[in-house]
$ cat run24.cif   # mmCIF, C-alpha atoms
data_protein
loop_
_atom_site.label_atom_id
_atom_site.label_comp_id
_atom_site.auth_asym_id
_atom_site.auth_seq_id
_atom_site.Cartn_x
_atom_site.Cartn_y
_atom_site.Cartn_z
CA MET R 1 37.02 -29.12 -8.49
CA GLN R 2 38.40 -25.57 -8.65
CA TYR R 3 37.00 -25.23 -12.19
CA ILE R 4 33.52 -26.20 -10.97
CA ASP R 5 33.78 -23.65 -8.14
CA ASN R 6 34.71 -20.92 -10.64
CA VAL R 7 31.76 -21.77 -12.89
CA ILE R 8 29.29 -21.80 -9.97
CA PHE R 9 30.72 -18.50 -8.75
CA LEU R 10 30.33 -16.90 -12.20
CA ILE R 11 26.73 -18.13 -12.54
CA LEU R 12 25.82 -16.71 -9.11
CA LEU R 13 27.57 -13.44 -9.91
CA VAL R 14 25.75 -12.93 -13.21
CA ALA R 15 22.40 -14.02 -11.74
CA GLY R 16 22.78 -11.78 -8.67
CA PHE R 17 23.72 -8.64 -10.58
CA GLY R 18 21.17 -9.45 -13.30
CA LEU R 19 18.30 -9.65 -10.79
CA PHE R 20 19.53 -6.46 -9.13
CA ALA R 21 19.58 -4.63 -12.47
CA LYS R 22 16.06 -5.88 -13.20
CA SER R 23 14.83 -4.54 -9.86
CA LEU R 24 16.40 -1.14 -10.50
CA GLN R 25 14.82 -1.09 -13.97
CA LYS R 26 11.39 -1.76 -12.43
CA ILE R 27 11.85 1.05 -9.89
CA TYR R 28 12.93 3.41 -12.66
CA ARG R 29 9.86 2.47 -14.71
CA ASN R 30 7.54 3.06 -11.78
CA ILE R 31 9.07 6.46 -11.01
CA ARG R 32 8.66 7.42 -14.66
CA LEU R 33 4.90 6.94 -14.28
CA GLY R 34 4.83 10.33 -12.55
CA ARG R 35 4.74 13.73 -14.20
CA GLU R 36 8.03 15.09 -15.50
CA ILE R 37 9.58 17.90 -13.52
CA ASN R 38 12.64 19.96 -14.36
CA ARG R 39 15.10 19.86 -11.47
CA ASN R 40 18.30 20.30 -13.47
CA ASP R 41 18.97 23.90 -12.46
CA ARG R 42 21.69 25.09 -10.04
CA LYS R 43 23.78 22.00 -10.69
CA GLY R 44 26.71 23.10 -8.57
CA GLU R 45 24.45 23.55 -5.57
CA ARG R 46 22.84 20.18 -6.22
CA TRP R 47 26.18 18.35 -6.33
CA GLU R 48 27.22 20.09 -3.11
CA THR R 49 23.93 19.18 -1.43
CA MET R 50 24.22 15.53 -2.44
CA ALA R 51 27.83 15.30 -1.23
CA ARG R 52 27.02 16.99 2.08
CA VAL R 53 23.71 15.29 2.91
CA ALA R 54 23.79 11.85 1.22
CA MET R 55 27.50 11.11 1.43
CA GLY R 56 28.50 13.28 4.38
CA GLN R 57 25.43 12.41 6.50
CA SER R 58 25.32 16.04 7.67
CA LYS R 59 21.69 16.00 8.88
CA MET R 60 22.25 12.89 11.00
CA SER R 61 24.39 14.93 13.41
CA LYS R 62 21.29 16.58 14.91
CA ARG R 63 20.91 13.41 16.98
CA PRO R 64 24.58 12.67 17.77
CA VAL R 65 24.32 9.15 19.21
CA ALA R 66 22.19 7.78 16.38
CA GLY R 67 24.24 9.81 13.91
CA VAL R 68 27.57 8.33 15.00
CA LEU R 69 26.20 4.77 15.05
CA HIS R 70 24.68 5.25 11.61
CA LEU R 71 28.03 6.57 10.36
CA PHE R 72 29.74 3.43 11.72
CA VAL R 73 27.33 1.17 9.85
CA TYR R 74 27.14 3.22 6.65
CA VAL R 75 30.85 3.97 6.16
CA GLY R 76 32.03 0.63 7.46
CA PHE R 77 29.68 -1.50 5.40
CA VAL R 78 30.32 0.47 2.18
CA ILE R 79 34.12 0.44 2.50
CA ILE R 80 34.27 -3.20 3.59
CA ASN R 81 32.46 -4.16 0.40
CA ILE R 82 35.37 -2.77 -1.61
CA GLU R 83 36.72 -6.21 -0.83
CA LEU R 84 34.01 -7.48 -3.19
CA ILE R 85 36.45 -6.60 -5.99
CA GLU R 86 38.95 -9.06 -4.55
CA ILE R 87 36.25 -11.69 -3.99
CA ILE R 88 35.07 -11.41 -7.62
CA VAL R 89 38.59 -11.76 -9.04
CA ASP R 90 39.44 -14.64 -6.69
CA GLY R 91 36.13 -16.35 -7.49
CA ILE R 92 36.49 -16.12 -11.27
CA PHE R 93 40.19 -16.94 -11.57
CA GLY R 94 40.74 -19.11 -8.50
CA THR R 95 43.35 -16.78 -6.94
CA HIS R 96 43.74 -16.07 -3.22
CA ARG R 97 43.76 -12.49 -1.93
CA PHE R 98 44.37 -11.01 -5.37
CA LEU R 99 44.71 -7.41 -4.14
CA SER R 100 47.86 -8.29 -2.17
CA SER R 101 49.71 -8.58 -5.48
CA ILE R 102 48.41 -5.16 -6.55
CA PHE R 103 48.76 -3.17 -3.32
CA GLY R 104 52.03 -4.62 -2.10
CA HIS R 105 52.71 -6.11 1.34
CA THR R 106 52.68 -2.92 3.45
CA PHE R 107 49.64 -1.23 1.95
CA TYR R 108 47.66 -4.49 1.81
CA ASN R 109 48.31 -5.00 5.53
CA PHE R 110 47.04 -1.48 6.19
CA PHE R 111 44.02 -2.09 3.95
CA THR R 112 42.95 -5.36 5.63
CA ALA R 113 43.56 -3.97 9.13
CA THR R 114 41.36 -0.96 8.31
CA LEU R 115 38.60 -3.26 7.07
CA GLU R 116 38.76 -5.21 10.33
CA VAL R 117 38.40 -2.09 12.46
CA LEU R 118 35.50 -0.88 10.31
CA ALA R 119 33.84 -4.30 10.55
CA LEU R 120 34.03 -4.10 14.35
CA LEU R 121 32.39 -0.64 14.24
CA VAL R 122 29.63 -2.06 12.02
CA VAL R 123 29.02 -4.83 14.57
CA ILE R 124 28.84 -2.28 17.41
CA GLY R 125 26.45 -0.15 15.35
CA VAL R 126 24.03 -2.91 14.32
CA VAL R 127 23.92 -4.42 17.83
CA ALA R 128 23.20 -0.99 19.33
CA PHE R 129 20.50 -0.32 16.72
CA PHE R 130 18.90 -3.73 17.32
CA ILE R 131 18.71 -3.11 21.07
CA ARG R 132 17.52 0.46 20.55
CA ARG R 133 14.83 -0.56 18.09
CA ASN R 134 13.49 -3.57 20.01
CA PHE R 135 14.15 -2.94 23.71
CA TYR R 136 14.89 0.73 24.31
CA GLY R 137 11.42 1.95 23.36
CA VAL R 138 12.09 4.94 21.08
CA LYS R 139 8.54 6.13 20.36
CA ARG R 140 8.98 6.84 16.63
CA LEU R 141 10.37 3.32 16.14
CA THR R 142 7.56 1.57 18.00
CA MET R 143 4.52 3.28 16.47
CA LYS R 144 1.64 1.20 15.16
CA GLU R 145 2.40 2.11 11.53
CA LEU R 146 5.62 0.07 11.77
CA PHE R 147 3.94 -3.11 13.01
CA GLY R 148 4.42 -6.10 10.72
CA TRP R 149 6.73 -5.97 7.73
CA PRO R 150 8.43 -2.58 8.40
CA LYS R 151 9.59 -3.73 11.85
CA HIS R 152 10.66 -7.17 10.61
CA ASP R 153 12.46 -5.60 7.63
CA ALA R 154 14.53 -3.33 9.85
CA ASN R 155 15.49 -6.24 12.13
CA TRP R 156 16.33 -8.57 9.24
CA ILE R 157 18.71 -6.00 7.76
CA LEU R 158 20.53 -5.65 11.08
CA ILE R 159 20.75 -9.45 11.46
CA ILE R 160 22.05 -9.85 7.88
CA GLU R 161 24.72 -7.19 8.40
CA PHE R 162 25.77 -8.80 11.70
CA ALA R 163 25.99 -12.25 10.06
CA LEU R 164 28.07 -10.88 7.16
CA MET R 165 30.54 -9.26 9.54
CA MET R 166 30.84 -12.48 11.56
CA ALA R 167 31.56 -14.42 8.37
CA PHE R 168 34.17 -11.80 7.47
CA PHE R 169 35.94 -12.24 10.83
CA LYS R 170 35.72 -16.05 10.68
CA MET R 171 37.21 -16.04 7.18
CA ASN R 172 40.11 -13.83 8.26
CA ALA R 173 40.74 -15.77 11.48
CA SER R 174 40.88 -19.13 9.67
CA ASP R 175 43.12 -17.60 6.99
CA LEU R 176 45.49 -16.20 9.61
CA ILE R 177 45.89 -19.55 11.41
CA LEU R 178 46.57 -21.25 8.08
CA GLN R 179 49.17 -18.57 7.32
CA HIS R 180 50.88 -19.28 10.63
CA ARG R 181 50.94 -22.99 9.73
CA GLY R 182 52.55 -22.18 6.36
CA ILE R 183 49.61 -23.46 4.30
CA PHE R 184 48.55 -20.03 3.00
CA PRO R 185 51.04 -17.30 2.04
CA GLU R 186 51.31 -14.46 4.56
CA HIS R 187 49.13 -11.65 3.24
CA GLY R 188 47.22 -9.11 5.30
CA SER R 189 46.93 -7.90 8.87
CA PHE R 190 43.90 -8.90 10.92
CA PRO R 191 44.10 -7.29 14.38
CA ILE R 192 40.49 -7.86 15.46
CA SER R 193 40.35 -11.46 14.24
CA GLU R 194 43.73 -12.18 15.83
CA MET R 195 42.63 -10.74 19.16
CA ILE R 196 39.11 -12.20 19.39
CA PHE R 197 38.42 -14.98 16.88
CA VAL R 198 41.76 -16.74 16.44
CA PRO R 199 41.99 -17.71 20.16
CA PHE R 200 38.47 -19.11 19.93
CA LEU R 201 39.38 -21.35 16.98
CA GLU R 202 42.71 -22.42 18.47
CA VAL R 203 41.04 -23.59 21.69
CA PHE R 204 39.51 -26.47 19.75
CA SER R 205 42.79 -27.33 17.95
CA PHE R 206 41.05 -27.72 14.60
CA ASP R 207 43.12 -29.47 11.94
CA SER R 208 44.14 -27.60 8.80
CA GLY R 209 41.59 -29.37 6.61
CA PHE R 210 38.73 -28.14 8.78
CA LEU R 211 40.16 -24.59 8.82
CA ILE R 212 40.44 -24.57 5.02
CA PHE R 213 36.80 -25.65 4.85
CA THR R 214 35.84 -22.96 7.42
CA GLU R 215 37.70 -20.24 5.53
CA LYS R 216 36.12 -21.25 2.22
CA ALA R 217 32.63 -21.60 3.71
CA ALA R 218 32.88 -18.13 5.30
CA TRP R 219 34.16 -16.74 1.99
CA TRP R 220 31.18 -18.22 0.11
CA PHE R 221 28.74 -17.07 2.79
CA HIS R 222 30.11 -13.54 2.58
CA PHE R 223 29.82 -13.51 -1.21
CA VAL R 224 26.33 -15.03 -1.41
CA GLY R 225 25.24 -12.84 1.51
CA ILE R 226 26.25 -9.69 -0.35
CA LEU R 227 24.30 -10.81 -3.44
CA PHE R 228 21.28 -11.61 -1.27
CA PHE R 229 21.50 -8.27 0.55
CA MET R 230 21.79 -6.43 -2.75
CA ASN R 231 18.63 -8.04 -4.17
CA TYR R 232 16.77 -7.77 -0.87
CA LEU R 233 17.08 -3.98 -1.05
CA TYR R 234 14.22 -3.79 -3.55
CA TYR R 235 11.81 -5.05 -0.89
CA SER R 236 13.34 -3.04 1.93
CA LYS R 237 13.37 0.49 3.28
CA HIS R 238 17.15 0.22 2.97
CA LEU R 239 16.77 1.04 -0.69
CA HIS R 240 17.69 4.53 0.54
CA ILE R 241 21.32 3.34 0.57
CA ILE R 242 21.17 3.87 -3.20
CA LEU R 243 18.29 6.29 -3.75
CA ALA R 244 19.36 8.83 -1.13
CA PHE R 245 21.88 10.12 -3.67
CA PRO R 246 19.44 11.01 -6.50
CA SER R 247 16.85 12.14 -3.93
CA THR R 248 19.20 14.72 -2.44
CA TRP R 249 20.39 15.79 -5.90
CA TYR R 250 16.81 16.41 -7.08
CA ALA R 251 15.71 17.94 -3.77
CA ASN R 252 13.71 21.16 -3.81
CA LEU R 253 16.21 24.00 -3.36
CA GLU R 254 13.58 26.72 -3.09
CA LYS R 255 12.70 28.24 0.27
CA LYS R 256 10.51 25.98 2.38
CA GLY R 257 6.88 26.97 2.08
CA LYS R 258 7.18 28.28 -1.47
CA PHE R 259 4.51 26.55 -3.54
CA ASN R 260 4.74 25.84 -7.24
CA ASN R 261 2.36 27.07 -9.90
CA LEU R 262 0.15 24.41 -11.44
CA GLU R 263 0.84 23.89 -15.13
CA SER R 264 -2.80 22.89 -15.60
CA VAL R 265 -3.92 26.26 -14.21
CA THR R 266 -1.40 28.13 -16.35
CA LYS R 267 -2.69 26.34 -19.45
CA GLU R 268 -6.30 27.23 -18.62
CA ILE R 269 -5.42 30.90 -18.04
CA LYS R 270 -3.50 31.11 -21.31
CA LEU R 271 -6.53 29.67 -23.07
CA MET R 272 -8.76 32.27 -21.42
CA MET R 273 -6.40 35.13 -22.32
CA ASP R 274 -6.04 34.12 -25.98
CA PRO R 275 -8.65 36.08 -27.99
CA ASN R 276 -8.29 33.68 -30.91
CA ALA R 277 -8.77 30.52 -28.87
CA ASP R 278 -12.00 28.58 -29.14
CA PRO R 279 -12.63 26.94 -25.76
CA TYR R 280 -15.17 24.59 -27.37
CA ALA R 281 -12.87 23.40 -30.18
CA ALA R 282 -11.65 19.83 -29.97
CA PRO R 283 -7.85 19.78 -29.44
CA ALA R 284 -5.65 18.19 -32.05
CA GLU R 285 -5.04 14.51 -31.32
CA GLY R 286 -1.70 13.93 -29.64
CA SER R 287 -1.18 17.62 -28.83
CA GLU R 288 -0.41 18.92 -25.33
CA ALA R 289 -3.90 20.40 -25.18
CA ASP R 290 -5.31 16.94 -25.84
CA VAL R 291 -4.17 15.86 -22.37
CA PRO R 292 -6.98 16.52 -19.88
CA SER R 293 -6.07 19.10 -17.25
CA LYS R 294 -6.12 17.84 -13.68
CA PHE R 295 -5.67 20.12 -10.73
CA GLY R 296 -3.65 18.46 -8.00
CA ALA R 297 -3.13 14.74 -7.43
CA GLU R 298 -5.61 11.92 -7.01
CA ASP R 299 -3.30 9.01 -7.77
CA VAL R 300 0.41 8.34 -8.18
CA PHE R 301 0.23 9.23 -11.89
CA ASP R 302 -0.60 12.82 -10.89
CA LEU R 303 2.44 13.23 -8.64
CA ASN R 304 5.76 14.27 -10.13
CA GLN R 305 8.70 11.90 -10.56
CA VAL R 306 10.71 13.41 -7.69
CA GLN R 307 7.80 12.80 -5.31
CA LEU R 308 7.67 9.15 -6.41
CA LEU R 309 11.44 8.92 -5.99
CA ASN R 310 10.97 10.30 -2.47
CA ALA R 311 8.46 7.54 -1.72
CA TYR R 312 11.01 4.88 -2.65
CA SER R 313 13.80 6.68 -0.75
CA CYS R 314 12.03 6.95 2.61
CA THR R 315 14.14 5.45 5.39
CA GLU R 316 11.08 5.02 7.66
CA CYS R 317 13.13 6.56 10.48
CA GLY R 318 10.13 8.59 11.64
CA ARG R 319 12.03 11.82 12.32
CA CYS R 320 9.39 13.64 10.27
CA THR R 321 6.52 12.16 12.25
CA SER R 322 8.22 12.78 15.61
CA VAL R 323 8.26 16.55 14.96
CA CYS R 324 4.85 16.79 13.25
CA PRO R 325 2.59 18.97 15.44
CA ALA R 326 -0.52 17.27 14.08
CA ASN R 327 0.79 13.82 15.02
CA ILE R 328 2.07 15.01 18.41
CA THR R 329 -1.39 16.29 19.30
CA GLY R 330 -3.05 12.99 18.41
CA LYS R 331 -4.16 13.64 14.84
CA LYS R 332 -4.17 10.77 12.35
CA LEU R 333 -1.48 12.35 10.12
CA SER R 334 2.00 10.78 9.94
CA PRO R 335 4.30 12.26 7.26
CA ARG R 336 6.28 9.00 7.25
CA LEU R 337 3.11 7.06 6.52
CA ILE R 338 2.25 9.42 3.63
CA LEU R 339 5.47 8.36 1.89
CA MET R 340 5.04 4.69 2.82
CA LYS R 341 1.46 4.62 1.46
CA THR R 342 2.54 6.38 -1.72
CA ARG R 343 5.21 3.72 -2.23
CA ASP R 344 2.71 0.93 -1.53
CA ARG R 345 0.29 2.31 -4.11
CA LEU R 346 3.10 2.76 -6.65
CA GLU R 347 4.19 -0.83 -6.13
CA GLU R 348 0.59 -1.98 -6.61
CA VAL R 349 0.43 -0.07 -9.89
CA GLY R 350 3.73 -1.65 -10.93
CA ARG R 351 2.42 -5.15 -10.28
CA ASN R 352 -0.68 -4.26 -12.33
CA ILE R 353 1.56 -3.28 -15.26
CA ASP R 354 3.67 -6.43 -14.88
CA LYS R 355 0.53 -8.55 -15.04
CA ASN R 356 -1.32 -6.80 -17.87
CA GLY R 357 1.48 -5.25 -19.93
CA LYS R 358 -0.02 -1.82 -19.22
CA PHE R 359 -1.98 -0.28 -16.39
CA GLU R 360 -5.55 -1.54 -16.21
CA ASP R 361 -7.92 0.45 -14.02
CA ASP R 362 -8.18 -1.40 -10.70
CA GLY R 363 -10.80 0.87 -9.17
CA LYS R 364 -8.34 2.21 -6.60
CA LYS R 365 -6.70 5.57 -6.06
CA LEU R 366 -4.03 6.92 -3.76
CA LEU R 367 -6.65 9.30 -2.38
CA ASN R 368 -9.16 7.59 -0.06
CA ASP R 369 -7.94 4.02 -0.72
CA TYR R 370 -4.51 4.71 0.79
CA ILE R 371 -4.42 8.26 2.15
CA THR R 372 -7.55 9.64 3.79
CA LYS R 373 -8.92 13.18 3.75
CA GLU R 374 -8.59 13.27 7.52
CA GLU R 375 -4.84 12.82 7.22
CA LEU R 376 -4.52 15.49 4.54
CA TRP R 377 -6.47 18.19 6.37
CA ALA R 378 -4.66 17.53 9.65
CA CYS R 379 -1.45 18.94 8.14
CA THR R 380 -0.57 22.48 9.27
CA THR R 381 1.93 22.95 6.37
CA CYS R 382 4.57 23.98 8.92
CA ASN R 383 7.38 22.18 7.01
CA ALA R 384 8.72 20.56 10.18
CA CYS R 385 8.73 17.17 8.39
CA THR R 386 10.78 18.41 5.43
CA GLU R 387 13.23 20.12 7.78
CA ALA R 388 13.67 16.96 9.88
CA CYS R 389 14.21 14.46 7.04
CA PRO R 390 17.84 13.28 6.94
CA VAL R 391 17.73 12.85 3.12
CA LEU R 392 15.65 15.93 2.20
CA LEU R 393 12.41 14.13 1.32
CA ASP R 394 9.26 16.24 1.03
CA PRO R 395 6.04 14.54 2.21
CA LEU R 396 4.37 17.95 2.48
CA SER R 397 4.43 18.40 -1.30
CA ILE R 398 2.39 15.18 -1.71
CA ILE R 399 -0.11 16.34 0.92
CA PHE R 400 -0.44 19.72 -0.74
CA GLU R 401 -1.02 18.27 -4.24
CA MET R 402 -3.76 15.99 -2.91
CA ARG R 403 -5.37 18.90 -1.09
CA ARG R 404 -5.36 20.81 -4.35
CA PHE R 405 -7.27 18.00 -5.99
CA LEU R 406 -9.86 17.94 -3.21
CA VAL R 407 -10.43 21.70 -3.45
CA MET R 408 -10.09 22.34 -7.18
CA GLU R 409 -11.49 19.12 -8.62
CA GLN R 410 -13.98 17.91 -6.04
CA SER R 411 -14.83 21.11 -4.14
CA ALA R 412 -14.37 18.98 -1.04
CA ALA R 413 -12.67 21.45 1.30
CA PRO R 414 -13.71 21.54 4.96
CA GLN R 415 -16.47 24.02 5.83
CA GLU R 416 -14.03 26.31 7.65
CA LEU R 417 -11.80 26.56 4.58
CA ASN R 418 -14.76 27.16 2.27
CA LEU R 419 -15.88 30.01 4.53
CA MET R 420 -12.42 31.52 4.48
CA MET R 421 -12.20 31.33 0.66
CA THR R 422 -15.66 32.88 0.33
CA ASN R 423 -14.55 35.75 2.57
CA VAL R 424 -11.39 36.27 0.49
CA GLU R 425 -13.50 36.37 -2.67
CA ASN R 426 -16.10 38.75 -1.26
CA ASN R 427 -14.18 40.81 1.27
CA ALA R 428 -10.54 40.47 0.07
CA ALA R 429 -9.70 39.12 3.53
CA PRO R 430 -10.18 35.83 5.36
CA TRP R 431 -12.52 37.43 7.91
CA GLN R 432 -16.16 38.29 7.44
CA TYR R 433 -16.29 42.08 7.47
CA ASN R 434 -16.61 44.92 5.00
CA GLN R 435 -13.71 45.63 2.65
CA ALA R 436 -13.71 49.24 3.83
CA ASP R 437 -12.75 48.06 7.31
CA ARG R 438 -9.74 46.05 6.22
CA LEU R 439 -7.18 48.63 7.40
CA ASN R 440 -8.81 49.52 10.70
CA TRP R 441 -6.21 47.47 12.53
CA ALA R 442 -3.54 50.03 11.57
CA ASN R 443 -5.26 52.69 13.66
CA ASP R 444 -5.33 50.58 16.83
#
$ encode --input "run24.cif" --output "structure tokens"
Amino acid sequence: MQYIDNVIFLILLVAGFGLFAKSLQKIYRNIRLGREINRNDRKGERWETMARVAMGQSKMSKRPVAGVLHLFVYVGFVIINIELIEIIVDGIFGTHRFLSSIFGHTFYNFFTATLEVLALLVVIGVVAFFIRRNFYGVKRLTMKELFGWPKHDANWILIIEFALMMAFFKMNASDLILQHRGIFPEHGSFPISEMIFVPFLEVFSFDSGFLIFTEKAAWWFHFVGILFFMNYLYYSKHLHIILAFPSTWYANLEKKGKFNNLESVTKEIKLMMDPNADPYAAPAEGSEADVPSKFGAEDVFDLNQVQLLNAYSCTECGRCTSVCPANITGKKLSPRLILMKTRDRLEEVGRNIDKNGKFEDDGKKLLNDYITKEELWACTTCNACTEACPVLLDPLSIIFEMRRFLVMEQSAAPQELNLMMTNVENNAAPWQYNQADRLNWAND
């Protein structure tokens, strides 16, 4: 019987990690559909930023209550799953609490007691978040853009984490009673289970056979639950648990508001400045010049790979939208929704590739089909969204690239902007007066 359990465990383990690897490979492929961008400079600063923001949760402290609760859930859940090492060894070789033989009695007791305390903090955190999200009425968590799957996804994650922690406590409580009865060797210290869950089980005077079944069932539930949670991440906003690290490493370290130069514009200018260049000559096949220049972004292929990574990394917390002046004043723009729509379009493109082997034109674009012009022109480019994001995502850069496309490719700027650009061209100032009067303000 034990041999069959070990084989089933090994099959589930390989299948679970295999599916997870396949999901990560698909995400990587989709991100690679974007334009390459060099963000490998200032490596020391990038490592420091990743450690401080992604691992240290430094930006979460701006809202202390949510920050502390998030720290409970994040740190507790990650550290508790160190026990997955023990579960894997026990599952493959049929041992029981393998790490006790490695750590020694004293340190193993400290280790298991720490896990119990962390598990209790996780429970407190997820219960508080569930109440806060569903009953407390935080505006950014109850906006229309979260109706449907985003809201259900957030709740399901909290329920899964709660269920996993309950299974963890039930496993430890059953194990502890069996230790007291001399059936299991005495390994580990379980203060929370002993205080809360053991009395509950002892009230019913369960026999040892039932407790062995309970301990094993909770152990299996915990293991299968972790595999399920791991593979569920692909469909969930909680993918940021993994992608927050590369997102913060590749974050834009330049001053906020500094815009990049378009490579397509640089290429055109170099062609204009080259006296030997023939603008009418057909470019050599396969050369860089053979790639049509596009100014700005119309679809996900025109965005860079870091922007697509940002779309997958969005936590949907809405901190960006809650500080957006356009959204606050009733405009249609939501920076959070910009990232969510970009991710939705990228996923649609990925499914297209899965179906056809390569991307077949589906008649859709990120611009207009997902993100409207009204949303794009509502942005004031104030950078409040990029400042507020807890993992340094940059929805403004996507907005700006799509605006560039509207202006430079489609000449579709609003009338007010066209008037301003005409004035700059004719008068060297945004206002409609003679160039000779430009410095009159200095005499006032």
$ residues_around --input "run24.cif" --residues "Glu316 in chain R" --least-positions-apart "5" --cutoff "9 Å" --atoms "only C-alpha atoms" --output "list in words"
Leu141, Leu146, Pro150, Lys237, Arg336, Leu337, Leu339 and Met340 of chain R
$ residues_around --input "run24.cif" --residues "Trp220 in chain R" --least-positions-apart "3" --cutoff "10 Å" --atoms "all atoms listed in the file" --output "MDAnalysis selection string"
chainID R and resid 9 87 91 167 171 214:217 223:226
$ resolve_selection --input "run24.cif" --expression "the PyMOL selection byres ((chain R and resi 335) around 8)" --output "list in words"
Cys320, Thr321, Cys324, Leu333, Ser334, Arg336, Leu337, Ile338, Leu339, Cys385, Pro395 and Leu396 of chain R
$ closest_residue --input "run24.cif" --among "R:Lys294, R:Thr381, R:Asn327, R:Ile92" --to "Val14 in chain R" --atoms "all atoms listed in the file"
R:Ile92
$ closest_atom_pairs --input "run24.cif" --of "range 17-70 of chain R" --to "range 240-246 of chain R" --cutoff "12 Å" --atoms "only C-alpha atoms" --output "JSON lines"
{"residue": "R:Leu24", "atom": "CA", "partner": "R:Ile242", "partner_atom": "CA", "distance": 10.1}
{"residue": "R:Ile27", "atom": "CA", "partner": "R:Leu243", "partner_atom": "CA", "distance": 10.3}
{"residue": "R:Tyr28", "atom": "CA", "partner": "R:Leu243", "partner_atom": "CA", "distance": 10.8}
{"residue": "R:Ile31", "atom": "CA", "partner": "R:Leu243", "partner_atom": "CA", "distance": 11.7}
{"residue": "R:Arg39", "atom": "CA", "partner": "R:Pro246", "partner_atom": "CA", "distance": 11.0}
{"residue": "R:Asn40", "atom": "CA", "partner": "R:Pro246", "partner_atom": "CA", "distance": 11.7}
{"residue": "R:Arg46", "atom": "CA", "partner": "R:Pro246", "partner_atom": "CA", "distance": 9.8}
{"residue": "R:Trp47", "atom": "CA", "partner": "R:Phe245", "partner_atom": "CA", "distance": 9.7}
{"residue": "R:Glu48", "atom": "CA", "partner": "R:Phe245", "partner_atom": "CA", "distance": 11.3}
{"residue": "R:Thr49", "atom": "CA", "partner": "R:Phe245", "partner_atom": "CA", "distance": 9.6}
{"residue": "R:Met50", "atom": "CA", "partner": "R:Phe245", "partner_atom": "CA", "distance": 6.0}
{"residue": "R:Ala51", "atom": "CA", "partner": "R:Phe245", "partner_atom": "CA", "distance": 8.3}
{"residue": "R:Arg52", "atom": "CA", "partner": "R:Phe245", "partner_atom": "CA", "distance": 10.3}
{"residue": "R:Val53", "atom": "CA", "partner": "R:Phe245", "partner_atom": "CA", "distance": 8.6}
{"residue": "R:Ala54", "atom": "CA", "partner": "R:Phe245", "partner_atom": "CA", "distance": 5.5}
{"residue": "R:Met55", "atom": "CA", "partner": "R:Phe245", "partner_atom": "CA", "distance": 7.7}
{"residue": "R:Gly56", "atom": "CA", "partner": "R:Phe245", "partner_atom": "CA", "distance": 10.9}
{"residue": "R:Gln57", "atom": "CA", "partner": "R:Ala244", "partner_atom": "CA", "distance": 10.4}
{"residue": "R:His70", "atom": "CA", "partner": "R:Ile241", "partner_atom": "CA", "distance": 11.7}
$ resolve_selection --input "run24.cif" --expression "the PyMOL selection byres ((chain R and resi 295-312) around 6)" --output "MDAnalysis selection string"
chainID R and resid 31 33:36 294 313:314 339 343 365:367 393 401:402 404:405
$ atom_distance --input "run24.cif" --atom1 "CA of Ile196 in chain R" --atom2 "CA of Met230 in chain R"
28.7 Å
$ closest_residue --input "run24.cif" --among "R:Leu176, R:Ile4, R:Met408, R:Leu227" --to "Leu262 in chain R" --atoms "all atoms listed in the file"
R:Met408
$ atom_distance --input "run24.cif" --atom1 "CA of Leu417 in chain R" --atom2 "CA of Ser322 in chain R"
26.7 Å
$ residues_around --input "run24.cif" --residues "Thr114 in chain R" --least-positions-apart "3" --cutoff "12 Å" --atoms "only C-alpha atoms" --output "VMD selection string"
chain R and resid 75 to 76 79 to 80 82 to 83 107 to 111 117 to 121 188 to 192
$ closest_residue --input "run24.cif" --among "R:Lys270, R:Arg403, R:Lys373, R:Asn383" --to "Pro325 in chain R" --atoms "all atoms listed in the file"
R:Asn383
$ axis_aligned_box --input "run24.cif" --around "range 105-119 of chain R" --padding-each-side "5 Å" --output "lines of an AutoDock Vina configuration file"
center_x = 43.3
center_y = -3.5
center_z = 6.9
size_x = 28.9
size_y = 15.2
size_z = 21.1
$ closest_residue --input "run24.cif" --among "R:Phe103, R:Pro390, R:Lys341, R:Val122" --to "Cys317 in chain R" --atoms "all atoms listed in the file"
R:Pro390
$ closest_residue --input "run24.cif" --among "R:Ser193, R:Ser236, R:Thr248, R:Asn172" --to "Ile212 in chain R" --atoms "all atoms listed in the file"
R:Asn172
$ build_atoms --input "run24.cif" --residues "range 194-199 of chain R" --atoms "N, CA and C atoms" --output "JSON list (two decimals), keeping the file's coordinate frame"
[["chain", "number", "residue", "atom", "x", "y", "z"],
["R", 194, "GLU", "N", 42.63, -11.59, 15.07],
["R", 194, "GLU", "CA", 43.73, -12.18, 15.83],
["R", 194, "GLU", "C", 43.47, -12.06, 17.33],
["R", 195, "MET", "N", 42.84, -10.98, 17.74],
["R", 195, "MET", "CA", 42.63, -10.74, 19.16],
["R", 195, "MET", "C", 41.42, -11.49, 19.69],
["R", 196, "ILE", "N", 40.37, -11.65, 18.88],
["R", 196, "ILE", "CA", 39.11, -12.20, 19.39],
["R", 196, "ILE", "C", 38.79, -13.58, 18.83],
["R", 197, "PHE", "N", 38.93, -13.77, 17.52],
["R", 197, "PHE", "CA", 38.42, -14.98, 16.88],
["R", 197, "PHE", "C", 39.46, -16.08, 16.75],
["R", 198, "VAL", "N", 40.72, -15.72, 16.55],
["R", 198, "VAL", "CA", 41.76, -16.74, 16.44],
["R", 198, "VAL", "C", 41.88, -17.55, 17.73],
["R", 199, "PRO", "N", 41.94, -16.91, 18.92],
["R", 199, "PRO", "CA", 41.99, -17.71, 20.16],
["R", 199, "PRO", "C", 40.82, -18.67, 20.31]]
